[in-house]
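A short worksheet on the structure shown next.
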Amino acid sequence: MAYVAVKGGETAIQNAETLLKAWRRGDPQVPELTLDQITQQLSLGVNRVMCEGSLYDPELAALAIKQSWGDLVEAIFLLRAYRTTLPRFYNSQPLDTQQMNLQRRISAIFKDVPGGQALGATYDYVHRLLDFKLMAESEAPVALEAEPNRAAMPHVMELLRQEGLIQSVAEKSVEKLARKSAGESAGESAEKFAENAVEAAQESVEKATEKAVKATQGSVERATEDTVKATEDIEETTGETIKDTPEPAVEEADRQPFDLTRQPLSLPAERDARLQNLSRADEGFLLGMAYSTQRGYGNNHPFAGEIRVGQVEVLIAPEELGFEVAIAEISITEVQMVNQFKGNKVQPPQFTQGYGLTLGYNERKAMSMALVDRALQAKELGEAVANPAQDEEFVLSHSDNVEAQGFVQHLKLPHYIDFQAELNLVRQLRQTGREETVDDTVEPTRAETKNGTRNKTMDEARNENEE
Amino acid sequence: MTSIKPRQLWMATLAKASLEALESRVAMLGELPPYRFLRPPEIGLVMVQGRMDGSGEPFCVGEMTLTRCVVKLEADLDTGLDVDEGGGAIAGFGYVSGRSHRHAELAAICDALLQHPVWYDPVQETVVEFLQTLAQQQKEIQQRQVEATKVNFFTLDRKQ
């Protein structure tokens with residue numbers, strides 16, 4: 001049954017909005033909040049709204065917070081709605097996080113990292129006691145300063161990578177290649193794949209595999225497709241197919257990563273789609289998911305390899321201009337988690353990574369994102385997908401708070417007719433039950449009804465969404 | 001970035017500057033030559049991309065607001081600017097984050113003037129260099145404050 005619309009209530013609705021505005025403003029004797037005050041003094045709230053609203057604009061985020069009466073999820077909704085009114089001009093060049101202006105940089109795995117560690121502005125080592133001095137106004141604390149050292153601060157993970165202790169992107173994709181093309185089990189190595197999969201054209205496949213490894217900096221997907229094609233067509237056009245494999249540099253420039261705002265999410269999802277989903281996901285949801293992996297619902301034993309907070313340049317390359325130009329420096333948080341990986345028959349023990357990247361200073365969120373990103377790599381790493389945080393359909397479908405709050409909160413809209421129907425049904429069933437007076441038959445009937453009701457509610461809700 | 005051309009540098013400086021600072025410096029240039037919009041300021045979005053694990057394949061992180069604008073200096077100047085431009089008048093581009101039409105317009109007009117043989121020096125000295133110094137100072141303050149939080153942890157050896 002479709003949702004039955006209701007009519008009326010116009011005056012009440014208008015008055016409710018007016019009342020909301022008045023109460024939102026509060027006591028007129030108290031000075032009104034300015035957007036500057038919000039961006040400056042409620043900065044982490046602004047950062048969260050920009051991150052989950054998936055739109056970097058501190059002024060708009062502050063406006064949304066003011067308008068939403070401090071309800072950050074509502075503010076996120078407002079920002080998401082606003083972005084749909086604007087055209088997309090460009091995709092940025094991928095951020096170079098190595099070149100950040102750091103305002104905080106820590107590593108929990110090495111105490112002496114090149115460039116050193118700086119705590120920056122953090123609550124980490126502060127007592128969580130209420131500071132009653134803040135109740136008094138006119139506070140203007142002054143930060144201490146020191147002569148900066150200007151040493152380079154490379155990613156901490158590079159140290160492990162140089163030693164070959166981190167599972168590299170290339171290795172991962174070769175593995176994926178092997179699985180996809182030959183349909184073999186997860187741990188199967190690329191070499192073995194090359195030997196077994198296509199006996200007829202062993203050399204060529206090896207070449208293709210090599211190419212694919214090189215191409216991973218560009219596109220894993222394309223490389224995989226090309227290699228599969230290469231193995232299929234190999235008898236006919238041995239040399240040519242391989243020659244057709246585009247150069248990595250060209251591929252990277254041509255291929256745009258998956259974009260949730262333009263394409264619906266499809267499962268199984270590639271890592272680019274997952275990372276975008278997680279980057280704009282609800283912080284609370286991600287935090288809970290991340291926590292579950294630590295408590296044993298997921299095979300995760302993470303270390304914070306590096307946490308970086310700071311400003312990074314955003315570059316675009318407009319066609320009409322013909323060269324790259326910087327448009328701004330934006331604040332971001334980057335987290336790289338290291339997880340142990342026991343290895344398998346063909347791979348020695350090493351570390352795997354989880355990655356978190358958020359717009360703005362959202363450290364808790366970025367850390368959670370990194371843990372969940374790692375958990376979602378379960379299938380690629382040949383781990384059992386046995387827990388909620390490893391289940392991409394579960395995580396990716398429920399991570400968005402704009403969608404989630406809409407579906408949960410629609411329940412408070414009038415459902416009089418729908419409920420009336422259910423009421424009649426329950427009464428009728430009870431009546432039937434009483435007449436039959438056989439306990440055995442009541443139980444399955446009730447169970448069926450439950451399922452039936454749930455399906456109906458889903459259908460009905462879907463209809464409502466369409467309306 | 002392939003090569004840091006001077007134009008990329010000044011465009012970045014103009015884009016990153018605050019509107020207030022830019023406005024006050026441009027005002028010091030006095031009367032500007034006439035110009036018109038080839039493309040009036042318009043607000044849109046840029047999808048910001050990151051890289052997996054910091055150095056891998058790109059993925060979409062989120063969007064940001066951008067205002068862009070193109071201006072063209074009117075050719076009726078008695079300065080001989082047409083010589084370098086092959087007869088056409090100079091076009092200036094502005095790409096700035098946020099939603100300020102004015103900021104995009106000022107960035108575009110400065111970009112045009114900086115390509116102009118007569119205007120280059122005053123704009124470079126009065127506007128660009130000042131804004132660069134300002135940005136550098138702000139960066140320096142942050143670096144100094146962050147440096148004061150530099151931390152050296154020691155691990156305790158339990159055997160001792």
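Each chain in the structure tokens gets a letter, A, B, ..., in the order shown, and its residues are numbered from 1; ligands are numbered from 1 in order too.
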
For a quick test of understanding: name the residues of chain A lying within 7 Å of chain B when counting only C-alpha atoms, and present them as JSON, numbers by chain. {"A": [54, 55, 56, 57, 86, 87, 88, 89, 90, 91, 92, 93, 94, 95, 97, 103, 104, 111, 117, 118, 119, 120, 143, 144, 145, 146, 147, 148, 169, 217, 218, 257, 258, 259, 272, 276, 279, 324, 325, 326, 327, 328, 329, 336, 355]}

Could you go through stretch 20-125 of chain B and tell me which residues DSSP, when run on the backbone, assigns to helix (DSSP H, G or I), listing them as a PyMOL selection string? chain B and resi 20-27+52-54+101-114+120-125

Run DSSP on the backbone and tell me which residues of chain B come out as strand (DSSP E); list them as JSON, numbers by chain. {"B": [35, 36, 37, 38, 39, 40, 41, 42, 43, 44, 45, 46, 47, 48, 49, 50, 51, 58, 59, 60, 61, 62, 63, 64, 65, 66, 67, 68, 69, 70, 71, 72, 73, 91, 92, 93, 94, 95, 96, 97, 150, 151]}

Please provide the set of residues having any atom within 12 Å of B:Glu20, restricted to only C-alpha atoms, with same-chain residues fewer than 2 positions apart removed, written as an MDAnalysis selection string. chainID B and resid 14 16:18 22:27 100 102:103 106 131

Can you write out the residues you just picked, keeping N, CA and C atoms, as a PDB file, in the first residue's frame?
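Here's the written file selection-v2.pdb:
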ATOM      1  N   LEU B  14      46.782  35.599  -5.394  1.00  0.00           N
ATOM      2  CA  LEU B  14      45.531  36.366  -5.436  1.00  0.00           C
ATOM      3  C   LEU B  14      44.359  35.522  -4.932  1.00  0.00           C
ATOM      4  N   LYS B  16      44.467  32.960  -2.806  1.00  0.00           N
ATOM      5  CA  LYS B  16      44.549  32.597  -1.383  1.00  0.00           C
ATOM      6  C   LYS B  16      44.397  33.800  -0.461  1.00  0.00           C
ATOM      7  N   ALA B  17      44.538  35.001  -1.002  1.00  0.00           N
ATOM      8  CA  ALA B  17      44.445  36.198  -0.168  1.00  0.00           C
ATOM      9  C   ALA B  17      43.029  36.375   0.363  1.00  0.00           C
ATOM     10  N   SER B  18      42.914  37.100   1.474  1.00  0.00           N
ATOM     11  CA  SER B  18      41.573  37.421   1.951  1.00  0.00           C
ATOM     12  C   SER B  18      41.034  38.561   1.097  1.00  0.00           C
ATOM     13  N   LEU B  22      43.023  41.990  -0.283  1.00  0.00           N
ATOM     14  CA  LEU B  22      43.109  42.193  -1.732  1.00  0.00           C
ATOM     15  C   LEU B  22      42.444  43.515  -2.116  1.00  0.00           C
ATOM     16  N   GLU B  23      41.273  43.724  -1.576  1.00  0.00           N
ATOM     17  CA  GLU B  23      40.514  44.947  -1.894  1.00  0.00           C
ATOM     18  C   GLU B  23      41.308  46.196  -1.511  1.00  0.00           C
ATOM     19  N   SER B  24      41.897  46.173  -0.328  1.00  0.00           N
ATOM     20  CA  SER B  24      42.597  47.380   0.127  1.00  0.00           C
ATOM     21  C   SER B  24      43.865  47.632  -0.690  1.00  0.00           C
ATOM     22  N   ARG B  25      44.522  46.554  -1.127  1.00  0.00           N
ATOM     23  CA  ARG B  25      45.734  46.760  -1.935  1.00  0.00           C
ATOM     24  C   ARG B  25      45.393  47.229  -3.339  1.00  0.00           C
ATOM     25  N   VAL B  26      44.338  46.660  -3.907  1.00  0.00           N
ATOM     26  CA  VAL B  26      43.944  47.084  -5.262  1.00  0.00           C
ATOM     27  C   VAL B  26      43.518  48.550  -5.238  1.00  0.00           C
ATOM     28  N   ALA B  27      42.864  48.959  -4.137  1.00  0.00           N
ATOM     29  CA  ALA B  27      42.438  50.359  -4.020  1.00  0.00           C
ATOM     30  C   ALA B  27      43.634  51.306  -4.090  1.00  0.00           C
ATOM     31  N   SER B 100      32.660  34.567  -3.286  1.00  0.00           N
ATOM     32  CA  SER B 100      32.726  36.014  -3.438  1.00  0.00           C
ATOM     33  C   SER B 100      32.951  36.405  -4.903  1.00  0.00           C
ATOM     34  N   ARG B 102      33.226  39.401  -5.921  1.00  0.00           N
ATOM     35  CA  ARG B 102      34.182  40.492  -5.909  1.00  0.00           C
ATOM     36  C   ARG B 102      35.624  39.960  -5.877  1.00  0.00           C
ATOM     37  N   HIS B 103      35.820  38.940  -5.071  1.00  0.00           N
ATOM     38  CA  HIS B 103      37.153  38.351  -4.968  1.00  0.00           C
ATOM     39  C   HIS B 103      37.600  37.803  -6.335  1.00  0.00           C
ATOM     40  N   LEU B 106      38.378  40.765  -8.665  1.00  0.00           N
ATOM     41  CA  LEU B 106      39.660  41.412  -8.364  1.00  0.00           C
ATOM     42  C   LEU B 106      40.836  40.528  -8.782  1.00  0.00           C
ATOM     43  N   LEU B 131      50.783  40.729  -0.578  1.00  0.00           N
ATOM     44  CA  LEU B 131      49.971  39.574  -0.184  1.00  0.00           C
ATOM     45  C   LEU B 131      50.837  38.350   0.084  1.00  0.00           C
TER      46      LEU B 131
END
